[in-house]
Structure formats: structure tokens, C-alpha cells
>>> print(open('coords.cif').read())   # mmCIF, C-alpha atoms and all ligand atoms
data_final
#
loop_
_atom_site.label_atom_id
_atom_site.label_comp_id
_atom_site.auth_asym_id
_atom_site.auth_seq_id
_atom_site.Cartn_x
_atom_site.Cartn_y
_atom_site.Cartn_z
CA MET A 1 -15.05 11.20 -8.28
CA GLU A 2 -13.10 14.43 -8.37
CA ARG A 3 -9.39 15.26 -8.72
CA GLY A 4 -7.72 17.68 -6.35
CA GLU A 5 -4.27 18.66 -5.18
CA VAL A 6 -2.50 19.77 -2.04
CA PHE A 7 0.99 21.26 -1.83
CA VAL A 8 3.33 19.86 0.82
CA SER A 9 6.69 21.63 1.09
CA GLY A 10 6.06 22.96 -2.44
CA VAL A 11 5.43 19.46 -3.85
CA ARG A 12 2.07 18.83 -5.59
CA ILE A 13 0.23 15.83 -4.16
CA SER A 14 -2.63 14.88 -6.48
CA TYR A 15 -5.60 12.89 -5.21
CA LEU A 16 -8.90 11.31 -6.22
CA LYS A 17 -11.78 11.98 -3.85
CA TRP A 18 -15.33 10.83 -3.36
CA LYS A 19 -17.31 12.16 -0.39
CA GLU A 20 -15.78 14.02 2.55
CA PHE A 21 -14.72 10.89 4.40
CA PRO A 22 -11.62 10.58 6.64
CA ILE A 23 -9.99 7.64 4.83
CA VAL A 24 -6.74 7.98 2.89
CA TYR A 25 -5.62 5.21 0.52
CA ILE A 26 -1.92 4.74 -0.38
CA HIS A 27 -1.04 2.66 -3.43
CA GLY A 28 1.80 0.19 -3.91
CA SER A 29 4.83 0.05 -6.21
CA ALA A 30 4.43 1.63 -9.67
CA CYS A 31 0.70 2.16 -9.08
CA ASP A 32 -1.29 5.36 -8.50
CA ALA A 33 -4.55 6.58 -6.96
CA THR A 34 -6.69 4.94 -9.66
CA ILE A 35 -5.85 1.50 -8.29
CA TRP A 36 -8.36 2.30 -5.47
CA LYS A 37 -11.26 3.22 -7.81
CA ASP A 38 -13.55 0.44 -6.49
CA GLN A 39 -12.90 1.40 -2.87
CA VAL A 40 -13.17 5.19 -3.27
CA GLU A 41 -16.40 4.94 -5.30
CA GLU A 42 -18.14 2.67 -2.80
CA ILE A 43 -16.68 3.75 0.55
CA GLY A 44 -15.45 7.30 -0.15
CA GLY A 45 -12.28 9.06 0.97
CA TYR A 46 -9.06 10.25 -0.64
CA ALA A 47 -6.72 8.15 -2.79
CA LEU A 48 -3.31 9.80 -3.18
CA ASP A 49 -0.75 9.67 -5.95
CA LEU A 50 2.51 9.41 -3.98
CA PRO A 51 5.23 11.79 -5.22
CA ASN A 52 6.86 10.35 -8.39
CA HIS A 53 3.58 8.58 -9.27
CA GLY A 54 0.44 9.48 -11.21
CA MET A 55 -0.13 13.24 -11.35
CA SER A 56 1.95 14.19 -8.30
CA ASP A 57 5.26 16.02 -8.59
CA LYS A 58 8.62 14.29 -8.74
CA VAL A 59 10.93 14.49 -5.72
CA GLU A 60 14.13 12.84 -4.57
CA VAL A 61 13.14 9.94 -2.31
CA SER A 62 15.67 7.68 -0.61
CA ARG A 63 13.63 6.00 2.13
CA ILE A 64 10.04 4.94 2.83
CA ASP A 65 10.10 7.63 5.57
CA ASP A 66 10.23 10.29 2.84
CA TYR A 67 6.88 9.11 1.44
CA ALA A 68 5.51 8.87 5.00
CA TYR A 69 6.31 12.57 5.49
CA PHE A 70 4.18 13.60 2.47
CA VAL A 71 1.28 11.37 3.51
CA ALA A 72 1.32 12.64 7.12
CA LYS A 73 1.41 16.28 6.02
CA PHE A 74 -1.39 15.64 3.50
CA VAL A 75 -3.58 14.16 6.25
CA GLU A 76 -2.73 17.00 8.64
CA LYS A 77 -3.72 19.63 6.06
CA LYS A 78 -6.90 18.01 4.71
CA LEU A 79 -8.35 15.96 7.56
CA LYS A 80 -6.23 16.39 10.73
CA LYS A 81 -6.64 12.64 11.40
CA ALA A 82 -7.65 9.72 9.18
CA VAL A 83 -7.96 5.98 8.75
CA LEU A 84 -4.96 5.06 6.58
CA VAL A 85 -5.22 2.25 4.05
CA GLY A 86 -1.98 1.01 2.48
CA HIS A 87 -1.26 -1.67 -0.08
CA SER A 88 2.20 -3.30 -0.35
CA LEU A 89 4.71 -0.39 -0.49
CA GLY A 90 1.77 1.79 0.65
CA GLY A 91 1.44 -0.50 3.69
CA ALA A 92 5.08 0.15 4.54
CA VAL A 93 4.43 3.89 4.14
CA ILE A 94 1.49 3.91 6.55
CA GLN A 95 3.44 1.90 9.15
CA LYS A 96 6.09 4.62 8.95
CA VAL A 97 3.41 7.32 9.24
CA TYR A 98 2.28 5.61 12.43
CA GLU A 99 5.86 5.36 13.71
CA ASN A 100 6.73 9.01 13.01
CA TYR A 101 3.39 10.92 13.05
CA LYS A 102 0.98 8.92 15.27
CA GLU A 103 -1.18 11.98 15.85
CA VAL A 104 -2.64 11.84 12.31
CA VAL A 105 -3.69 8.16 12.50
CA LYS A 106 -7.15 7.00 13.62
CA ALA A 107 -6.76 3.40 12.44
CA LEU A 108 -4.75 1.34 9.96
CA ILE A 109 -5.79 -1.00 7.17
CA LEU A 110 -2.83 -3.07 5.95
CA ILE A 111 -3.48 -4.80 2.63
CA GLY A 112 -1.02 -7.26 1.04
CA THR A 113 1.96 -5.93 2.93
CA GLY A 114 4.42 -6.82 5.68
CA ALA A 115 6.64 -5.66 8.52
CA ARG A 116 9.58 -6.41 6.24
CA LEU A 117 9.41 -6.42 2.43
CA ARG A 118 12.51 -8.11 1.03
CA VAL A 119 12.43 -8.35 -2.75
CA LEU A 120 13.63 -11.24 -4.93
CA PRO A 121 17.03 -10.22 -6.38
CA ASP A 122 15.82 -11.54 -9.77
CA PHE A 123 13.26 -8.70 -9.88
CA LEU A 124 15.85 -6.04 -9.04
CA ILE A 125 18.40 -7.25 -11.56
CA GLY A 126 15.84 -8.21 -14.21
CA LEU A 127 14.09 -4.82 -14.21
CA LYS A 128 17.39 -3.20 -15.20
CA GLU A 129 18.39 -5.75 -17.82
CA ARG A 130 15.15 -7.26 -19.22
CA PRO A 131 12.27 -4.99 -18.13
CA ARG A 132 9.43 -6.48 -20.22
CA GLU A 133 10.25 -10.09 -19.39
CA THR A 134 10.69 -9.25 -15.70
CA VAL A 135 7.46 -7.23 -15.48
CA LYS A 136 5.65 -10.26 -16.99
CA ILE A 137 6.99 -12.50 -14.22
CA PHE A 138 6.28 -9.85 -11.57
CA LEU A 139 2.65 -9.60 -12.72
CA LYS A 140 2.33 -13.40 -12.59
CA TYR A 141 3.26 -13.14 -8.91
CA ALA A 142 0.98 -10.14 -8.35
CA PHE A 143 -2.29 -11.47 -9.84
CA SER A 144 -4.01 -14.82 -9.64
CA ASN A 145 -6.21 -13.80 -12.59
CA GLU A 146 -4.08 -13.83 -15.79
CA LYS A 147 -6.60 -11.81 -17.81
CA ILE A 148 -6.46 -8.89 -15.34
CA ALA A 149 -2.64 -9.18 -15.20
CA GLU A 150 -2.44 -8.83 -19.00
CA LYS A 151 -4.24 -5.47 -18.83
CA PHE A 152 -1.45 -4.11 -16.64
CA LEU A 153 1.49 -5.37 -18.73
CA ASP A 154 2.09 -2.32 -20.94
CA ILE A 155 1.45 0.14 -18.10
CA PHE A 156 3.96 -1.59 -15.83
CA VAL A 157 6.55 -1.95 -18.61
CA GLU A 158 6.26 1.79 -19.22
CA ARG A 159 6.72 2.30 -15.47
CA SER A 160 9.52 -0.24 -15.03
CA PHE A 161 11.96 2.46 -13.85
CA ILE A 162 9.69 3.63 -11.02
CA LEU A 163 8.82 -0.02 -10.26
CA LEU A 164 12.52 -0.69 -9.75
CA LYS A 165 12.93 2.40 -7.55
CA ASP A 166 9.90 1.42 -5.46
CA LEU A 167 11.08 -2.18 -5.06
CA ILE A 168 14.50 -0.93 -3.90
CA LEU A 169 12.69 1.12 -1.22
CA CYS A 170 10.62 -1.95 -0.22
CA ASP A 171 13.76 -4.07 -0.01
CA SER A 172 15.24 -1.72 2.60
CA PHE A 173 12.04 -1.49 4.66
CA ASP A 174 12.29 -3.51 7.87
CA LEU A 175 10.35 -3.09 11.12
CA LEU A 176 10.34 -6.83 11.92
CA ASP A 177 12.73 -6.67 14.89
CA LYS A 178 11.11 -3.52 16.25
CA TYR A 179 7.74 -5.33 16.30
CA ARG A 180 9.37 -8.37 17.93
CA SER A 181 11.08 -6.35 20.66
CA GLY A 182 8.04 -4.16 21.30
CA GLU A 183 9.94 -1.02 20.31
CA PHE A 184 7.31 -0.51 17.59
CA ARG A 185 3.78 -1.16 18.74
CA ILE A 186 0.58 -0.32 16.89
CA GLU A 187 -2.09 0.71 19.37
CA VAL A 188 -4.91 1.79 17.07
CA PRO A 189 -7.54 -0.55 15.60
CA THR A 190 -5.98 -2.36 12.64
CA LEU A 191 -7.53 -4.39 9.85
CA ILE A 192 -5.22 -6.76 7.95
CA ILE A 193 -6.31 -8.04 4.53
CA VAL A 194 -4.42 -10.50 2.33
CA GLY A 195 -5.19 -12.71 -0.66
CA SER A 196 -4.83 -16.41 0.11
CA GLU A 197 -2.59 -16.83 -2.98
CA ASP A 198 -0.40 -13.76 -2.45
CA LYS A 199 3.12 -14.68 -3.61
CA LEU A 200 4.71 -11.25 -3.12
CA THR A 201 3.62 -10.71 0.48
CA PRO A 202 2.54 -14.18 1.64
CA VAL A 203 -0.18 -14.78 4.22
CA LYS A 204 2.49 -15.45 6.89
CA TYR A 205 3.46 -11.74 6.74
CA SER A 206 -0.12 -10.81 7.62
CA GLN A 207 -0.28 -13.52 10.27
CA PHE A 208 2.79 -11.88 11.81
CA PHE A 209 0.86 -8.58 12.01
CA LYS A 210 -2.08 -10.38 13.61
CA ASN A 211 0.22 -11.89 16.26
CA ASN A 212 1.97 -8.59 16.98
CA ILE A 213 -0.78 -5.95 16.80
CA PRO A 214 -3.06 -6.31 19.83
CA SER A 215 -6.18 -4.64 18.45
CA SER A 216 -6.15 -6.26 15.02
CA LYS A 217 -8.34 -8.41 12.81
CA LEU A 218 -7.08 -10.55 9.92
CA VAL A 219 -9.19 -11.24 6.83
CA VAL A 220 -7.80 -13.73 4.30
CA ILE A 221 -9.57 -13.47 0.96
CA GLU A 222 -9.74 -16.70 -1.02
CA ASN A 223 -8.76 -17.00 -4.71
CA ALA A 224 -6.90 -13.70 -4.77
CA SER A 225 -3.24 -12.78 -4.93
CA HIS A 226 -1.30 -9.60 -4.14
CA MET A 227 -3.62 -7.21 -6.03
CA VAL A 228 -6.53 -8.34 -3.89
CA MET A 229 -8.45 -5.04 -3.99
CA ILE A 230 -8.66 -5.32 -7.78
CA GLU A 231 -9.27 -9.05 -7.95
CA LYS A 232 -11.87 -9.15 -5.16
CA PRO A 233 -13.22 -5.60 -4.66
CA LYS A 234 -16.51 -6.69 -3.09
CA GLU A 235 -14.83 -8.84 -0.43
CA VAL A 236 -12.24 -6.14 0.34
CA ASN A 237 -14.89 -3.41 0.53
CA ASP A 238 -17.13 -5.51 2.77
CA ALA A 239 -14.21 -6.13 5.15
CA ILE A 240 -13.36 -2.41 5.26
CA LYS A 241 -16.98 -1.34 5.79
CA GLU A 242 -17.45 -3.87 8.60
CA PHE A 243 -14.22 -2.68 10.26
CA LEU A 244 -15.35 0.96 10.04
CA ARG A 245 -18.82 0.09 11.34
CA ILE A 246 -17.43 -1.73 14.38
CA ASN A 247 -14.79 0.86 15.26
CA PHE A 248 -16.26 4.20 14.25
CA VAL A 249 -20.06 4.19 14.43
N1 LIG A 301 6.61 -10.83 8.23
C1 LIG A 301 6.90 -11.93 8.92
N2 LIG A 301 7.98 -12.72 8.67
C2 LIG A 301 8.80 -12.32 7.70
C3 LIG A 301 8.58 -11.17 6.94
C4 LIG A 301 7.42 -10.40 7.24
N3 LIG A 301 7.13 -9.30 6.57
N4 LIG A 301 9.58 -11.03 6.04
C5 LIG A 301 10.41 -12.06 6.23
N5 LIG A 301 9.93 -12.84 7.23
C6 LIG A 301 10.55 -14.05 7.72
C7 LIG A 301 10.57 -15.09 6.62
O1 LIG A 301 9.36 -15.78 6.60
C8 LIG A 301 11.72 -15.93 7.05
O2 LIG A 301 11.29 -16.77 8.10
P1 LIG A 301 11.64 -18.34 8.08
O3 LIG A 301 13.13 -18.37 8.12
O4 LIG A 301 10.97 -18.87 9.30
O5 LIG A 301 11.06 -18.85 6.80
C9 LIG A 301 12.69 -14.91 7.61
O6 LIG A 301 11.89 -13.81 8.03
C10 LIG A 301 13.69 -14.40 6.59
O7 LIG A 301 13.02 -13.96 5.43
P2 LIG A 301 13.56 -12.85 4.39
O8 LIG A 301 14.14 -11.73 5.08
O9 LIG A 301 12.47 -12.54 3.42
O10 LIG A 301 14.77 -13.46 3.69
P3 LIG A 301 14.86 -14.75 2.83
O11 LIG A 301 16.28 -14.84 2.48
O12 LIG A 301 14.21 -15.91 3.51
O13 LIG A 301 14.01 -14.46 1.48
C11 LIG A 301 13.19 -13.38 -0.48
C12 LIG A 301 14.22 -13.33 0.63
C13 LIG A 301 13.29 -12.13 -1.33
C14 LIG A 301 13.37 -14.62 -1.34
C15 LIG A 301 11.80 -13.46 0.16
O14 LIG A 301 11.65 -12.36 1.02
C16 LIG A 301 10.66 -13.48 -0.81
O15 LIG A 301 10.35 -14.49 -1.41
N6 LIG A 301 9.97 -12.35 -0.95
C17 LIG A 301 8.72 -12.27 -1.72
C18 LIG A 301 8.91 -11.89 -3.14
C19 LIG A 301 9.08 -10.43 -3.36
O16 LIG A 301 10.02 -10.02 -4.02
N7 LIG A 301 8.17 -9.61 -2.87
C20 LIG A 301 8.18 -8.19 -3.10
C21 LIG A 301 7.61 -7.50 -1.92
S1 LIG A 301 7.21 -5.83 -2.31
#
>>> encode(input="coords.cif", output="C-alpha cells")
Amino acid sequence: MERGEVFVSGVRISYLKWKEFPIVYIHGSACDATIWKDQVEEIGGYALDLPNHGMSDKVEVSRIDDYAYFVAKFVEKKLKKAVLVGHSLGGAVIQKVYENYKEVVKALILIGTGARLRVLPDFLIGLKERPRETVKIFLKYAFSNEKIAEKFLDIFVERSFILLKDLILCDSFDLLDKYRSGEFRIEVPTLIIVGSEDKLTPVKYSQFFKNNIPSSKLVVIENASHMVMIEKPKEVNDAIKEFLRINFV
């Protein structure tokens, strides 16, 4: 895997890349490109560090749309058009890319995400007042495997400020009524993946996508929670490869 960077409006966007493949992966709250290691190594493509994450520059961000702008411009510069993969907050970002910059989207892969992402007030308050304790609880929700969760504890505690900022952005993200009314309609092939035990973005959020995106397929992965691509990389990769084979060969 190699590291590279692209400048969008003077802001450095850092990425991990393996093979010249038109897939762009967008991480979730307080994560970075490395969260997609298993996918990039096996399938190929570009995993971005969103601004304010990993090795990308810091910028003022007040809405999910701001992140969508950087992702859309990245795709335009590097690939013209790509399959966008988004996890959690990243899933909200790629829905906004589709809403605002359709021309750069070939297909969508929505992993552990939703059309609305309200956040438990206990997380928002707790991250300000008792970061370590709250991150511990958050990780219990995010992973079904406690041993893997433990590995992320110190990293997430260190990133508790950006976690809070990201969760505030998630909390304000809401396309639910636009899907319901038909004002927002995804018309590209869409793969939806969710862990059967996901407590942060429950299976019903993904079922909602399935019911409201005509050309979509839902894959529920057993014995996995929100961080499904880390807990079950083989199952996630197989679902992505099958989706790509059916739609793009
Ligand atoms: N897709 C489909 N339906 C959704 C949805 C989505 N993305 N988000 C909410 N809904 C539905 C809910 O299921 C609920 O339907 P119901 O009344 O039939 O049960 C309704 O819309 C209202 O839900 P919501 O807006 O979430 O408000 P709430 O007051 O019921 O719950 C929380 C608020 C925070 C408790 C709840 O959203 C939750 O538990 N969230 C998960 C935990 C979390 O913090 N996740 C972080 C995500 S990044």
C-alpha cells in the first residue's frame, strides 16, 4: 500500500492506495484511512483521511456537506467517477456526495450507516465530561468482540475531541424525510452492509435503505456489530467483490 495526497482548495487530503481501482473508502467518526486496511489490500482503491483526521489537514467543518465537498473534489481530480464506500459518518458523507455531486458517483456501498444518525445524548455529554468512561461505553456499542474493542480504547480516548465533533455532525444529519417523500432518490446500484448486532446503526436503518433505494441489495453479517469491516473482513470483502462483479464486469 502507498500513501499519497491531493490538495483540494489548498487543503491536503491524504490517502492510502493499492492498485489503480475506482473505489474510494470513507471512514467513520474518529477513524482514518487505516480502518479500511483489509479492504484496500484485498480489493484495491483509495482510502481517504477526511480533513481533521489521520494525516489530512485541519479545516473548519460545520456540516456533513463540507466533508462531502472534499470527497467529491478528490474523486473528480483522481478518478473522475468512483464507487463510494462509506462507514457510519462516512456513509452520511457519501449520501451527501450523491445528493450534491451525482456526476462523480458510479455506485454506493453503505456500511453500518443510516438515512438519519441521531446520537445518544449520553455520548455527547459524556465525551465532554468523562471522555475515557464514555469512550469505553461507545466502544462496547461499536464492537461485538471485546478484545478488538480494547485495542481501540487508547486511540479513541486520545481522539475523544474529534469523536465528539464527528458525533455532533452525525446528530444533525437527516435525509429520512427526503427519502420518504422521494425528494432524495438514489438511482445507482447500491450495496448495503450491516452487522446483525449493530447497536449504533441498527439493522432497521439498513432495512430502511433497502426499502427506499430501488436498485439495492442488503447483506446482514452475523455476529458483528458496528465495526463490521474490522470484525468480519472476509464477509464484507466477499459482499463487495460480488457486488462489483455483478455490476461492473
Ligand atoms: N433509518 C430508519 N429509521 C430511522 C432512522 C434511520 N436512519 N433513524 C431513526 N429512525 C426511526 C426510528 O427507528 C424511530 O422509529 P420508531 O418510532 O418506529 O421506533 C424514529 O425514526 C425516531 O427515531 P430517532 O430519531 O432516532 O429518535 P429517538 O428519539 O427514537 O432515538 C436515539 C434517539 C439517539 C436514542 C436513537 O437514535 C439511538 O438509539 N441511536 C443509536 C445510538 C447512537 O448514538 N448512534 C450513533 C450513530 S453515529
>>> closest_residue(input="coords.cif", among="A:Thr190, A:Ser181, A:Asn212, A:Ser56", to="ligand LIG 301 (chain A)", atoms="all atoms listed in the file")
A:Asn212
>>> residues_around(input="coords.cif", residues="A:Val97", least_positions_apart="2", cutoff="9 Å", atoms="all atoms listed in the file", output="JSON, numbers by chain")
{"A": [65, 67, 68, 69, 71, 72, 92, 93, 94, 95, 99, 100, 101, 102, 104, 105]}
>>> residues_around(input="coords.cif", residues="A:Val119", least_positions_apart="4", cutoff="12 Å", atoms="all atoms listed in the file", output="list in words")
Ser29, Ser88, Leu89, Gly114, Phe123, Leu124, Ile125, Gly126, Phe138, Leu163, Leu164, Lys165, Asp166, Leu167, Ile168, Leu169, Cys170, Asp171, Ser172, Phe173, Asp174, Lys199, Leu200 and Thr201 of chain A
>>> atom_distance(input="coords.cif", atom1="atom CA of A:Asp198", atom2="atom CA of A:Lys140")
10.5 Å
>>> residues_around(input="coords.cif", residues="A:Ile137", least_positions_apart="5", cutoff="12 Å", atoms="only C-alpha atoms", output="count of residues only")
18
>>> residues_around(input="coords.cif", residues="A:Val194", least_positions_apart="5", cutoff="8 Å", atoms="only C-alpha atoms", output="PDB file with C-alpha atoms, keeping the file's coordinate frame")
ATOM      1  CA  ILE A 111      -3.480  -4.800   2.630  1.00  0.00           C
ATOM      2  CA  GLY A 112      -1.020  -7.260   1.040  1.00  0.00           C
ATOM      3  CA  THR A 113       1.960  -5.930   2.930  1.00  0.00           C
ATOM      4  CA  PRO A 202       2.540 -14.180   1.640  1.00  0.00           C
ATOM      5  CA  VAL A 203      -0.180 -14.780   4.220  1.00  0.00           C
ATOM      6  CA  SER A 206      -0.120 -10.810   7.620  1.00  0.00           C
ATOM      7  CA  VAL A 219      -9.190 -11.240   6.830  1.00  0.00           C
ATOM      8  CA  VAL A 220      -7.800 -13.730   4.300  1.00  0.00           C
ATOM      9  CA  ILE A 221      -9.570 -13.470   0.960  1.00  0.00           C
ATOM     10  CA  SER A 225      -3.240 -12.780  -4.930  1.00  0.00           C
ATOM     11  CA  HIS A 226      -1.300  -9.600  -4.140  1.00  0.00           C
ATOM     12  CA  VAL A 228      -6.530  -8.340  -3.890  1.00  0.00           C
TER      13      VAL A 228
END
>>> closest_residue(input="coords.cif", among="A:Lys147, A:Lys78, A:Lys37, A:Lys106", to="A:Leu244", atoms="only C-alpha atoms")
A:Lys106
>>> closest_residue(input="coords.cif", among="A:Ala107, A:Leu50, A:Ile246, A:Ala239", to="A:Glu187", atoms="all atoms listed in the file")
A:Ala107
>>> atom_distance(input="coords.cif", atom1="atom C15 of ligand LIG 301 (chain A)", atom2="atom CA of A:Pro214")
25.7 Å
>>> atom_distance(input="coords.cif", atom1="atom C20 of ligand LIG 301 (chain A)", atom2="atom CA of A:Met227")
12.2 Å
>>> build_atoms(input="coords.cif", residues="stretch 74-87 of chain A", atoms="N, CA, C and O atoms", output="PDB file, in the frame of the given file")
ATOM      1  N   PHE A  74      -0.126  15.585   4.258  1.00  0.00           N
ATOM      2  CA  PHE A  74      -1.390  15.640   3.500  1.00  0.00           C
ATOM      3  C   PHE A  74      -2.566  15.470   4.468  1.00  0.00           C
ATOM      4  O   PHE A  74      -3.513  16.253   4.459  1.00  0.00           O
ATOM      5  N   VAL A  75      -2.485  14.449   5.316  1.00  0.00           N
ATOM      6  CA  VAL A  75      -3.580  14.160   6.250  1.00  0.00           C
ATOM      7  C   VAL A  75      -3.768  15.355   7.194  1.00  0.00           C
ATOM      8  O   VAL A  75      -4.892  15.818   7.419  1.00  0.00           O
ATOM      9  N   GLU A  76      -2.669  15.858   7.714  1.00  0.00           N
ATOM     10  CA  GLU A  76      -2.730  17.000   8.640  1.00  0.00           C
ATOM     11  C   GLU A  76      -3.460  18.182   7.997  1.00  0.00           C
ATOM     12  O   GLU A  76      -4.332  18.786   8.610  1.00  0.00           O
ATOM     13  N   LYS A  77      -3.125  18.470   6.739  1.00  0.00           N
ATOM     14  CA  LYS A  77      -3.720  19.630   6.060  1.00  0.00           C
ATOM     15  C   LYS A  77      -5.193  19.423   5.725  1.00  0.00           C
ATOM     16  O   LYS A  77      -5.999  20.324   5.888  1.00  0.00           O
ATOM     17  N   LYS A  78      -5.542  18.222   5.231  1.00  0.00           N
ATOM     18  CA  LYS A  78      -6.900  18.010   4.710  1.00  0.00           C
ATOM     19  C   LYS A  78      -7.880  17.528   5.762  1.00  0.00           C
ATOM     20  O   LYS A  78      -9.056  17.855   5.725  1.00  0.00           O
ATOM     21  N   LEU A  79      -7.410  16.670   6.688  1.00  0.00           N
ATOM     22  CA  LEU A  79      -8.350  15.960   7.560  1.00  0.00           C
ATOM     23  C   LEU A  79      -7.981  15.992   9.048  1.00  0.00           C
ATOM     24  O   LEU A  79      -8.749  15.551   9.869  1.00  0.00           O
ATOM     25  N   LYS A  80      -6.796  16.436   9.360  1.00  0.00           N
ATOM     26  CA  LYS A  80      -6.230  16.390  10.730  1.00  0.00           C
ATOM     27  C   LYS A  80      -5.870  14.969  11.148  1.00  0.00           C
ATOM     28  O   LYS A  80      -4.786  14.689  11.607  1.00  0.00           O
ATOM     29  N   LYS A  81      -6.841  14.026  10.975  1.00  0.00           N
ATOM     30  CA  LYS A  81      -6.640  12.640  11.400  1.00  0.00           C
ATOM     31  C   LYS A  81      -7.437  11.733  10.466  1.00  0.00           C
ATOM     32  O   LYS A  81      -8.544  12.114  10.074  1.00  0.00           O
ATOM     33  N   ALA A  82      -6.915  10.570  10.126  1.00  0.00           N
ATOM     34  CA  ALA A  82      -7.650   9.720   9.180  1.00  0.00           C
ATOM     35  C   ALA A  82      -7.357   8.236   9.412  1.00  0.00           C
ATOM     36  O   ALA A  82      -6.372   7.875  10.068  1.00  0.00           O
ATOM     37  N   VAL A  83      -8.234   7.405   8.849  1.00  0.00           N
ATOM     38  CA  VAL A  83      -7.960   5.980   8.750  1.00  0.00           C
ATOM     39  C   VAL A  83      -7.056   5.824   7.521  1.00  0.00           C
ATOM     40  O   VAL A  83      -7.398   6.288   6.431  1.00  0.00           O
ATOM     41  N   LEU A  84      -5.900   5.211   7.696  1.00  0.00           N
ATOM     42  CA  LEU A  84      -4.960   5.060   6.580  1.00  0.00           C
ATOM     43  C   LEU A  84      -5.031   3.643   6.032  1.00  0.00           C
ATOM     44  O   LEU A  84      -4.938   2.670   6.795  1.00  0.00           O
ATOM     45  N   VAL A  85      -5.183   3.543   4.721  1.00  0.00           N
ATOM     46  CA  VAL A  85      -5.220   2.250   4.050  1.00  0.00           C
ATOM     47  C   VAL A  85      -3.976   2.160   3.165  1.00  0.00           C
ATOM     48  O   VAL A  85      -3.733   3.063   2.357  1.00  0.00           O
ATOM     49  N   GLY A  86      -3.188   1.105   3.302  1.00  0.00           N
ATOM     50  CA  GLY A  86      -1.980   1.010   2.480  1.00  0.00           C
ATOM     51  C   GLY A  86      -1.829  -0.373   1.882  1.00  0.00           C
ATOM     52  O   GLY A  86      -2.035  -1.383   2.557  1.00  0.00           O
ATOM     53  N   HIS A  87      -1.486  -0.380   0.592  1.00  0.00           N
ATOM     54  CA  HIS A  87      -1.260  -1.670  -0.080  1.00  0.00           C
ATOM     55  C   HIS A  87       0.217  -1.829  -0.394  1.00  0.00           C
ATOM     56  O   HIS A  87       0.837  -0.915  -0.972  1.00  0.00           O
TER      57      HIS A  87
END
